[in-house]
file coords.cif (mmCIF, C-alpha atoms)
data_protein
loop_
_atom_site.group_PDB
_atom_site.id
_atom_site.type_symbol
_atom_site.label_atom_id
_atom_site.label_comp_id
_atom_site.auth_asym_id
_atom_site.auth_seq_id
_atom_site.Cartn_x
_atom_site.Cartn_y
_atom_site.Cartn_z
ATOM 1 C CA MET A 1 -29.838 12.521 3.482
ATOM 2 C CA LYS A 2 -33.030 12.969 1.477
ATOM 3 C CA ARG A 3 -34.431 16.471 1.097
ATOM 4 C CA ASN A 4 -37.757 15.945 -0.621
ATOM 5 C CA ALA A 5 -38.799 19.558 -1.138
ATOM 6 C CA LEU A 6 -37.407 21.509 -4.062
ATOM 7 C CA ALA A 7 -35.350 24.500 -3.017
ATOM 8 C CA ALA A 8 -37.335 26.994 -5.023
ATOM 9 C CA VAL A 9 -36.023 29.784 -2.857
ATOM 10 C CA ALA A 10 -34.248 32.534 -4.742
ATOM 11 C CA ALA A 11 -31.257 32.353 -2.475
ATOM 12 C CA THR A 12 -28.863 34.544 -4.400
ATOM 13 C CA ALA A 13 -25.259 34.005 -3.506
ATOM 14 C CA VAL A 14 -22.695 36.368 -4.947
ATOM 15 C CA LEU A 15 -20.050 33.718 -5.480
ATOM 16 C CA ALA A 16 -18.800 34.506 -8.956
ATOM 17 C CA THR A 17 -15.217 34.727 -7.821
ATOM 18 C CA THR A 18 -15.053 32.389 -4.848
ATOM 19 C CA GLY A 19 -17.226 29.657 -6.394
ATOM 20 C CA LEU A 20 -20.002 27.521 -4.983
ATOM 21 C CA VAL A 21 -18.776 25.203 -2.291
ATOM 22 C CA GLY A 22 -20.551 21.959 -1.442
ATOM 23 C CA SER A 23 -19.929 18.555 0.038
ATOM 24 C CA SER A 24 -18.203 15.943 -2.100
ATOM 25 C CA THR A 25 -20.727 13.243 -1.250
ATOM 26 C CA ALA A 26 -23.358 13.688 -3.971
ATOM 27 C CA ALA A 27 -24.183 11.414 -6.857
ATOM 28 C CA GLY A 28 -22.456 12.050 -10.179
ATOM 29 C CA ALA A 29 -23.949 14.178 -12.907
ATOM 30 C CA VAL A 30 -25.417 12.722 -16.077
ATOM 31 C CA PRO A 31 -22.808 13.019 -18.866
ATOM 32 C CA GLY A 32 -23.373 14.357 -22.329
ATOM 33 C CA THR A 33 -25.102 17.281 -23.975
ATOM 34 C CA VAL A 34 -28.727 16.205 -24.282
ATOM 35 C CA SER A 35 -30.730 19.449 -24.395
ATOM 36 C CA GLY A 36 -31.200 21.765 -27.352
ATOM 37 C CA ASP A 37 -32.176 25.285 -28.319
ATOM 38 C CA GLY A 38 -35.633 24.693 -29.756
ATOM 39 C CA GLY A 39 -34.980 22.532 -32.797
ATOM 40 C CA ASN A 40 -37.298 19.867 -34.197
ATOM 41 C CA ARG A 41 -34.986 16.859 -34.035
ATOM 42 C CA ILE A 42 -35.026 14.021 -31.532
ATOM 43 C CA GLY A 43 -32.206 11.529 -31.229
ATOM 44 C CA VAL A 44 -31.846 8.275 -29.351
ATOM 45 C CA LEU A 45 -29.097 5.809 -28.630
ATOM 46 C CA ARG A 46 -30.388 2.251 -28.606
ATOM 47 C CA VAL A 47 -29.230 -0.607 -26.413
ATOM 48 C CA ASP A 48 -27.428 -2.135 -29.408
ATOM 49 C CA GLY A 49 -25.403 1.058 -30.011
ATOM 50 C CA ASP A 50 -27.446 2.342 -32.963
ATOM 51 C CA ALA A 51 -28.004 6.099 -33.169
ATOM 52 C CA GLU A 52 -31.340 7.154 -34.654
ATOM 53 C CA VAL A 53 -32.709 10.641 -35.334
ATOM 54 C CA LYS A 54 -36.124 11.935 -36.376
ATOM 55 C CA GLU A 55 -36.986 15.377 -37.703
ATOM 56 C CA GLY A 56 -40.323 17.178 -37.561
ATOM 57 C CA GLY A 57 -43.288 16.214 -35.421
ATOM 58 C CA LEU A 58 -43.207 13.837 -32.491
ATOM 59 C CA SER A 59 -44.598 11.053 -34.705
ATOM 60 C CA ALA A 60 -42.013 11.443 -37.490
ATOM 61 C CA ALA A 61 -40.131 8.364 -38.708
ATOM 62 C CA TRP A 62 -36.771 7.380 -37.270
ATOM 63 C CA VAL A 63 -33.657 7.403 -39.460
ATOM 64 C CA LYS A 64 -30.692 5.239 -38.473
ATOM 65 C CA GLU A 65 -27.594 7.413 -38.453
ATOM 66 C CA SER A 66 -24.798 5.122 -37.327
ATOM 67 C CA GLY A 67 -23.922 2.063 -35.271
ATOM 68 C CA SER A 68 -21.468 1.334 -32.449
ATOM 69 C CA ILE A 69 -22.077 4.771 -30.921
ATOM 70 C CA LYS A 70 -21.324 5.835 -27.338
ATOM 71 C CA GLN A 71 -22.500 9.468 -27.547
ATOM 72 C CA LEU A 72 -25.008 11.377 -29.693
ATOM 73 C CA THR A 73 -25.597 15.139 -29.728
ATOM 74 C CA LEU A 74 -27.759 17.415 -31.884
ATOM 75 C CA SER A 75 -27.645 21.128 -32.709
ATOM 76 C CA GLY A 76 -29.548 22.816 -35.519
ATOM 77 C CA ASP A 77 -28.899 20.833 -38.701
ATOM 78 C CA ARG A 78 -25.774 19.199 -37.278
ATOM 79 C CA ILE A 79 -25.515 15.742 -35.745
ATOM 80 C CA GLY A 80 -22.460 14.656 -33.799
ATOM 81 C CA VAL A 81 -21.493 11.200 -32.616
ATOM 82 C CA VAL A 82 -18.608 9.524 -30.875
ATOM 83 C CA THR A 83 -18.051 5.911 -31.864
ATOM 84 C CA GLY A 84 -17.024 3.192 -29.484
ATOM 85 C CA ASP A 85 -13.411 3.517 -30.616
ATOM 86 C CA GLY A 86 -13.319 7.226 -29.708
ATOM 87 C CA VAL A 87 -13.724 8.787 -33.162
ATOM 88 C CA ALA A 88 -15.877 11.933 -33.407
ATOM 89 C CA TRP A 89 -17.957 12.441 -36.546
ATOM 90 C CA VAL A 90 -20.264 15.312 -37.527
ATOM 91 C CA LYS A 91 -22.738 15.698 -40.381
ATOM 92 C CA GLU A 92 -24.457 18.876 -41.501
ATOM 93 C CA GLY A 93 -27.695 19.223 -43.442
ATOM 94 C CA GLY A 94 -30.292 16.502 -43.897
ATOM 95 C CA LEU A 95 -30.485 13.324 -41.860
ATOM 96 C CA SER A 96 -28.796 11.429 -44.698
ATOM 97 C CA ALA A 97 -25.906 13.873 -45.135
ATOM 98 C CA THR A 98 -22.327 12.587 -45.297
ATOM 99 C CA TRP A 99 -20.298 12.151 -42.126
ATOM 100 C CA VAL A 100 -17.070 14.109 -41.653
ATOM 101 C CA LYS A 101 -14.372 12.692 -39.375
ATOM 102 C CA GLU A 102 -13.491 15.340 -36.805
ATOM 103 C CA ALA A 103 -11.114 13.878 -34.224
ATOM 104 C CA THR A 104 -9.788 10.712 -32.603
ATOM 105 C CA ASP A 105 -9.244 9.721 -28.970
ATOM 106 C CA VAL A 106 -12.445 11.578 -28.061
ATOM 107 C CA LYS A 107 -14.332 11.152 -24.801
ATOM 108 C CA ARG A 108 -17.145 13.658 -25.547
ATOM 109 C CA ILE A 109 -18.356 15.910 -28.334
ATOM 110 C CA ALA A 110 -20.408 19.125 -28.021
ATOM 111 C CA LEU A 111 -22.158 21.181 -30.714
ATOM 112 C CA SER A 112 -23.619 24.695 -30.775
ATOM 113 C CA GLY A 113 -24.342 26.690 -33.910
ATOM 114 C CA LYS A 114 -21.178 26.697 -36.002
ATOM 115 C CA ARG A 115 -18.988 25.484 -33.153
ATOM 116 C CA ILE A 116 -17.807 21.951 -32.492
ATOM 117 C CA GLY A 117 -16.001 20.986 -29.315
ATOM 118 C CA VAL A 118 -14.285 17.784 -28.290
ATOM 119 C CA LEU A 119 -13.011 16.574 -24.954
ATOM 120 C CA LYS A 120 -10.130 14.199 -25.565
ATOM 121 C CA ASP A 121 -9.280 11.139 -23.512
ATOM 122 C CA ASN A 122 -6.239 12.988 -22.115
ATOM 123 C CA GLY A 123 -8.417 15.842 -20.780
ATOM 124 C CA GLU A 124 -7.575 18.367 -23.490
ATOM 125 C CA VAL A 125 -10.417 20.413 -24.997
ATOM 126 C CA TYR A 126 -10.458 21.683 -28.566
ATOM 127 C CA VAL A 127 -13.083 23.863 -30.236
ATOM 128 C CA LYS A 128 -13.487 24.857 -33.887
ATOM 129 C CA GLU A 129 -15.771 27.471 -35.411
ATOM 130 C CA GLY A 130 -17.119 27.572 -38.956
ATOM 131 C CA GLY A 131 -17.243 24.673 -41.381
ATOM 132 C CA LEU A 132 -16.788 21.044 -40.445
ATOM 133 C CA SER A 133 -13.164 21.189 -41.623
ATOM 134 C CA ALA A 134 -12.255 24.379 -39.711
ATOM 135 C CA THR A 135 -9.059 24.492 -37.651
ATOM 136 C CA TRP A 136 -9.103 23.311 -34.056
ATOM 137 C CA VAL A 137 -8.190 25.687 -31.218
ATOM 138 C CA LYS A 138 -6.879 24.205 -27.967
ATOM 139 C CA GLU A 139 -8.997 25.647 -25.158
ATOM 140 C CA SER A 140 -8.029 23.916 -21.920
ATOM 141 C CA VAL A 141 -6.375 20.916 -20.283
ATOM 142 C CA LYS A 142 -7.235 18.557 -17.426
ATOM 143 C CA VAL A 143 -10.942 18.846 -18.230
ATOM 144 C CA LYS A 144 -13.678 16.377 -17.269
ATOM 145 C CA ASP A 145 -16.780 18.109 -18.709
ATOM 146 C CA LEU A 146 -17.459 20.388 -21.697
ATOM 147 C CA GLU A 147 -20.454 22.496 -22.771
ATOM 148 C CA LEU A 148 -21.068 24.903 -25.660
ATOM 149 C CA SER A 149 -23.821 27.473 -26.177
ATOM 150 C CA GLY A 150 -23.670 30.367 -28.617
ATOM 151 C CA ASP A 151 -20.381 32.180 -28.060
ATOM 152 C CA ARG A 152 -19.898 30.650 -24.613
ATOM 153 C CA ILE A 153 -17.727 27.667 -23.717
ATOM 154 C CA GLY A 154 -17.935 25.969 -20.335
ATOM 155 C CA VAL A 155 -15.656 23.374 -18.785
ATOM 156 C CA ILE A 156 -15.154 21.621 -15.491
ATOM 157 C CA THR A 157 -11.532 20.883 -14.720
ATOM 158 C CA GLY A 158 -10.343 17.827 -12.879
ATOM 159 C CA ASP A 159 -10.223 19.714 -9.595
ATOM 160 C CA GLY A 160 -13.968 20.423 -9.828
ATOM 161 C CA VAL A 161 -13.725 24.076 -10.841
ATOM 162 C CA ALA A 162 -16.243 25.305 -13.432
ATOM 163 C CA TRP A 163 -14.982 27.905 -15.921
ATOM 164 C CA VAL A 164 -16.814 29.797 -18.681
ATOM 165 C CA LYS A 165 -15.540 32.049 -21.460
ATOM 166 C CA GLU A 166 -17.590 34.311 -23.708
ATOM 167 C CA GLY A 167 -16.734 35.696 -27.138
ATOM 168 C CA GLY A 168 -13.985 34.446 -29.411
ATOM 169 C CA LEU A 169 -12.249 31.118 -29.021
ATOM 170 C CA SER A 170 -9.265 32.875 -27.431
ATOM 171 C CA ALA A 171 -11.303 34.814 -24.844
ATOM 172 C CA SER A 172 -10.274 34.666 -21.193
ATOM 173 C CA TRP A 173 -11.751 32.132 -18.790
ATOM 174 C CA VAL A 174 -13.872 33.232 -15.833
ATOM 175 C CA ARG A 175 -13.981 31.058 -12.729
ATOM 176 C CA GLU A 176 -17.613 30.260 -11.926
ATOM 177 C CA SER A 177 -17.849 27.589 -9.240
ATOM 178 C CA GLU A 178 -16.008 25.075 -7.101
ATOM 179 C CA ASN A 179 -16.919 21.432 -6.464
ATOM 180 C CA ALA A 180 -18.857 21.263 -9.735
ATOM 181 C CA ILE A 181 -19.926 17.908 -11.128
ATOM 182 C CA GLY A 182 -22.072 19.252 -13.983
ATOM 183 C CA ILE A 183 -22.323 22.399 -16.088
ATOM 184 C CA ASP A 184 -24.976 23.519 -18.569
ATOM 185 C CA LEU A 185 -25.249 26.620 -20.758
ATOM 186 C CA ALA A 186 -28.234 28.132 -22.580
ATOM 187 C CA GLY A 187 -28.376 31.660 -23.944
ATOM 188 C CA ASN A 188 -27.236 33.978 -21.149
ATOM 189 C CA ARG A 189 -27.831 31.373 -18.449
ATOM 190 C CA ILE A 190 -25.219 29.218 -16.744
ATOM 191 C CA GLY A 191 -26.122 26.272 -14.551
ATOM 192 C CA VAL A 192 -23.908 24.197 -12.298
ATOM 193 C CA LEU A 193 -24.606 21.111 -10.257
ATOM 194 C CA VAL A 194 -22.313 20.873 -7.247
ATOM 195 C CA GLY A 195 -21.156 17.854 -5.334
ATOM 196 C CA ASN A 196 -23.837 17.933 -2.638
ATOM 197 C CA GLY A 197 -26.642 17.739 -5.218
ATOM 198 C CA VAL A 198 -27.541 21.441 -5.232
ATOM 199 C CA ALA A 199 -28.341 23.041 -8.607
ATOM 200 C CA TRP A 200 -27.490 26.711 -9.115
ATOM 201 C CA VAL A 201 -28.323 28.940 -12.101
ATOM 202 C CA LYS A 202 -27.278 32.486 -12.999
ATOM 203 C CA GLU A 203 -28.623 34.741 -15.730
ATOM 204 C CA GLY A 204 -26.820 37.610 -17.450
ATOM 205 C CA GLY A 205 -23.089 38.227 -17.444
ATOM 206 C CA LEU A 206 -20.469 35.734 -16.363
ATOM 207 C CA SER A 207 -20.237 37.414 -12.953
ATOM 208 C CA ALA A 208 -23.996 37.544 -12.303
ATOM 209 C CA PRO A 209 -25.223 36.298 -8.893
ATOM 210 C CA TRP A 210 -26.201 32.669 -8.461
ATOM 211 C CA VAL A 211 -29.724 31.529 -7.611
ATOM 212 C CA ARG A 212 -30.165 28.259 -5.729
ATOM 213 C CA GLU A 213 -32.691 26.249 -7.715
ATOM 214 C CA ALA A 214 -33.067 22.780 -6.230
ATOM 215 C CA ASP A 215 -31.602 20.152 -3.895
ATOM 216 C CA ASP A 216 -31.173 16.371 -4.294
ATOM 217 C CA VAL A 217 -30.420 16.842 -8.002
ATOM 218 C CA THR A 218 -28.629 14.334 -10.220
ATOM 219 C CA GLN A 219 -29.092 16.156 -13.553
ATOM 220 C CA LEU A 220 -29.589 19.820 -14.483
ATOM 221 C CA GLU A 221 -30.672 20.970 -17.961
ATOM 222 C CA LEU A 222 -31.325 24.423 -19.456
ATOM 223 C CA SER A 223 -33.082 25.540 -22.633
ATOM 224 C CA GLY A 224 -34.396 29.030 -23.316
ATOM 225 C CA ASP A 225 -36.334 30.180 -20.247
ATOM 226 C CA ARG A 226 -36.848 26.630 -18.987
ATOM 227 C CA ILE A 227 -34.865 24.815 -16.321
ATOM 228 C CA GLY A 228 -35.184 21.093 -15.757
ATOM 229 C CA VAL A 229 -33.903 18.935 -12.935
ATOM 230 C CA LEU A 230 -33.886 15.226 -12.287
ATOM 231 C CA LYS A 231 -34.020 14.409 -8.599
ATOM 232 C CA ASP A 232 -32.336 11.469 -6.925
ATOM 233 C CA ASP A 233 -35.770 9.897 -6.324
ATOM 234 C CA GLY A 234 -36.369 9.742 -10.095
ATOM 235 C CA THR A 235 -38.801 12.650 -10.279
ATOM 236 C CA ALA A 236 -38.385 15.194 -13.085
ATOM 237 C CA HIS A 237 -39.316 18.837 -12.546
ATOM 238 C CA VAL A 238 -39.364 21.804 -14.944
ATOM 239 C CA LYS A 239 -39.857 25.528 -14.418
ATOM 240 C CA GLU A 240 -40.516 28.167 -17.053
ATOM 241 C CA GLY A 241 -39.845 31.893 -16.890
ATOM 242 C CA GLY A 242 -37.645 33.607 -14.327
ATOM 243 C CA LEU A 243 -35.117 31.858 -12.132
ATOM 244 C CA SER A 244 -37.559 31.977 -9.213
ATOM 245 C CA ALA A 245 -40.518 30.544 -11.132
ATOM 246 C CA THR A 246 -42.501 27.680 -9.608
ATOM 247 C CA TRP A 247 -41.450 24.113 -10.276
ATOM 248 C CA VAL A 248 -43.842 21.748 -12.065
ATOM 249 C CA HIS A 249 -43.546 18.008 -11.466
ATOM 250 C CA VAL A 250 -43.580 16.454 -14.936
ATOM 251 C CA TYR A 251 -42.626 12.788 -14.506
ATOM 252 C CA ASP A 252 -41.760 9.949 -12.116
ATOM 253 C CA HIS A 253 -39.293 7.051 -12.419
ATOM 254 C CA ALA A 254 -37.021 8.895 -14.872
ATOM 255 C CA ILE A 255 -33.290 8.381 -15.318
ATOM 256 C CA GLN A 256 -32.722 11.281 -17.729
ATOM 257 C CA ILE A 257 -34.356 14.587 -18.678
ATOM 258 C CA ALA A 258 -33.848 16.679 -21.823
ATOM 259 C CA LEU A 259 -35.198 20.103 -22.832
ATOM 260 C CA SER A 260 -35.461 21.970 -26.122
ATOM 261 C CA GLY A 261 -37.649 25.000 -26.641
ATOM 262 C CA LYS A 262 -41.191 23.821 -25.925
ATOM 263 C CA ARG A 263 -40.186 20.143 -25.811
ATOM 264 C CA ILE A 264 -39.428 18.072 -22.740
ATOM 265 C CA GLY A 265 -38.038 14.558 -22.963
ATOM 266 C CA VAL A 266 -37.605 11.869 -20.331
ATOM 267 C CA LEU A 267 -36.014 8.446 -20.348
ATOM 268 C CA LYS A 268 -37.263 5.704 -18.035
ATOM 269 C CA GLY A 269 -35.191 2.980 -16.489
ATOM 270 C CA ASP A 270 -36.917 0.382 -18.681
ATOM 271 C CA GLY A 271 -35.603 2.151 -21.814
ATOM 272 C CA ASP A 272 -38.805 3.944 -22.850
ATOM 273 C CA ALA A 273 -38.198 7.483 -24.142
ATOM 274 C CA ARG A 274 -41.071 9.968 -24.044
ATOM 275 C CA VAL A 275 -41.360 13.550 -25.305
ATOM 276 C CA LYS A 276 -44.037 16.205 -24.850
ATOM 277 C CA GLU A 277 -44.412 19.448 -26.773
ATOM 278 C CA GLY A 278 -46.152 22.638 -25.673
ATOM 279 C CA GLY A 279 -46.972 23.611 -22.110
ATOM 280 C CA LEU A 280 -45.491 21.936 -19.069
ATOM 281 C CA SER A 281 -48.668 19.872 -18.676
ATOM 282 C CA ALA A 282 -48.816 18.672 -22.301
ATOM 283 C CA THR A 283 -49.394 14.989 -23.054
ATOM 284 C CA TRP A 284 -46.449 12.617 -23.276
ATOM 285 C CA VAL A 285 -45.755 10.725 -26.516
ATOM 286 C CA LEU A 286 -43.852 7.424 -26.435
ATOM 287 C CA GLU A 287 -41.008 7.881 -28.917
ATOM 288 C CA ALA A 288 -38.884 4.743 -28.674
ATOM 289 C CA ASP A 289 -37.982 1.776 -26.502
ATOM 290 C CA ASN A 290 -34.650 0.079 -25.755
ATOM 291 C CA VAL A 291 -33.088 3.534 -25.383
ATOM 292 C CA THR A 292 -29.963 4.314 -23.357
ATOM 293 C CA GLU A 293 -29.793 8.056 -24.070
ATOM 294 C CA LEU A 294 -32.179 10.704 -25.394
ATOM 295 C CA ALA A 295 -31.069 13.937 -27.113
ATOM 296 C CA LEU A 296 -33.035 16.951 -28.386
ATOM 297 C CA SER A 297 -31.877 19.624 -30.842
#

call {"tool": "encode", "arguments": {"input": "coords.cif", "output": "structure tokens"}}
result
Amino acid sequence: MKRNALAAVAATAVLATTGLVGSSTAAGAVPGTVSGDGGNRIGVLRVDGDAEVKEGGLSAAWVKESGSIKQLTLSGDRIGVVTGDGVAWVKEGGLSATWVKEATDVKRIALSGKRIGVLKDNGEVYVKEGGLSATWVKESVKVKDLELSGDRIGVITGDGVAWVKEGGLSASWVRESENAIGIDLAGNRIGVLVGNGVAWVKEGGLSAPWVREADDVTQLELSGDRIGVLKDDGTAHVKEGGLSATWVHVYDHAIQIALSGKRIGVLKGDGDARVKEGGLSATWVLEADNVTELALS
């Protein structure tokens, strides 16, 4: 059933222990870590599997990073990719830095600061902290989604439960939500998308109350004090400020949204990737065509 109005109501639900319960009938969440923390890099995956990254202004030149890629993620001066054969690679420094092989049999990679996380094909999650050759720490099993932000790690297990830990790599997990199909972390905010298409966000500690943000959502992204959602009708909306701020409609006919600091990116179904920088009503800049995924640092 279509619900065309955004649920901008600050319907706080104190569900930190029991979880958010929703129907299992919603569309799946968009995979991958695509939003950043305010960096100046933009990355795209092309139809042919090439990964390209630019650094600086929106009109900077693209640099080809690798080919045969199935996932690209950016964080600070690190770039992470997963190749088609499941190998995770990370480089640190300039766009032409040397790749370091991180892990095999990888489904997804996540980056944040000095942390690298991988979700393996068998559902195991490992995270390392420090240099690119730091030692892996096994974090969880039977996982289907992974997110990193600062000293927080978030996962969704195969049974749809979202968990977050804060602090060291061996910190204890806190149960956040049930029936989760997507999780996103940014600063002291946690967002979950549950199976009936409702997006919830909390701010503060791991046991803070949830605020219902929007309905009919297929993708939820967080960055700084901005929240972005992609609705099932292809409209992209962003709010800035508190959790109960007003939504601004920023784009139509989108299949992906990405946020980073004062940048907003959208990907259209025809493969055009656009980014704007500044206020929510800034002008869009066409960045690339033939794109299958857009990532911001």

call {"tool": "residues_around", "arguments": {"input": "coords.cif", "residues": "A:Asp145", "least_positions_apart": "6", "cutoff": "9 Å", "atoms": "only C-alpha atoms", "output": "PyMOL selection string"}}
result
chain A and resi 31-32+108+119+123+154-158+162+181-183

call {"tool": "closest_atom_pairs", "arguments": {"input": "coords.cif", "of": "stretch 68-160 of chain A", "to": "stretch 185-207 of chain A", "cutoff": "8 Å", "atoms": "only C-alpha atoms", "output": "tab-separated table"}}
result
residue	atom	partner	partner_atom	distance
A:Glu147	CA	A:Leu185	CA	6.6
A:Leu148	CA	A:Leu185	CA	6.7
A:Ser149	CA	A:Leu185	CA	5.7
A:Gly150	CA	A:Gly187	CA	6.8
A:Arg152	CA	A:Leu185	CA	7.7
A:Gly154	CA	A:Leu185	CA	7.4

call {"tool": "write_last_selection", "arguments": {"input": "coords.cif", "atoms": "C-alpha atoms", "output": "PDB file, keeping the file's coordinate frame"}}
result
ATOM      1  CA  GLU A 147     -20.454  22.496 -22.771  1.00  0.00           C
ATOM      2  CA  LEU A 148     -21.068  24.903 -25.660  1.00  0.00           C
ATOM      3  CA  SER A 149     -23.821  27.473 -26.177  1.00  0.00           C
ATOM      4  CA  GLY A 150     -23.670  30.367 -28.617  1.00  0.00           C
ATOM      5  CA  ARG A 152     -19.898  30.650 -24.613  1.00  0.00           C
ATOM      6  CA  GLY A 154     -17.935  25.969 -20.335  1.00  0.00           C
TER       7      GLY A 154
END

call {"tool": "residues_around", "arguments": {"input": "coords.cif", "residues": "stretch 264-271 of chain A", "least_positions_apart": "6", "cutoff": "7 Å", "atoms": "only C-alpha atoms", "output": "list in words"}}
result
His253, Ala254, Ile255, Gln256, Ile257, Ala258, Glu277, Asp289, Asn290, Val291, Thr292 and Leu294 of chain A

call {"tool": "resolve_selection", "arguments": {"input": "coords.cif", "expression": "the PyMOL selection byres ((chain A and resi 40-51) around 8)", "output": "VMD selection string"}}
result
chain A and resid 38 to 39 52 to 57 64 to 74 288 to 297

call {"tool": "resolve_selection", "arguments": {"input": "coords.cif", "expression": "the PyMOL selection byres ((chain A and resi 88) around 7)", "output": "MDAnalysis selection string"}}
result
chainID A and resid 81:83 86:87 89:90 101:104 106 109

call {"tool": "atom_distance", "arguments": {"input": "coords.cif", "atom1": "atom CA of A:Asp37", "atom2": "atom CA of A:Lys142"}}
result
28.0 Å

call {"tool": "atom_distance", "arguments": {"input": "coords.cif", "atom1": "atom CA of A:Val164", "atom2": "atom CA of A:Glu176"}}
result
6.8 Å

call {"tool": "closest_residue", "arguments": {"input": "coords.cif", "among": "A:Gly93, A:Gly160, A:Gly279, A:Gly76", "to": "A:Arg115", "atoms": "all atoms listed in the file"}}
result
A:Gly76
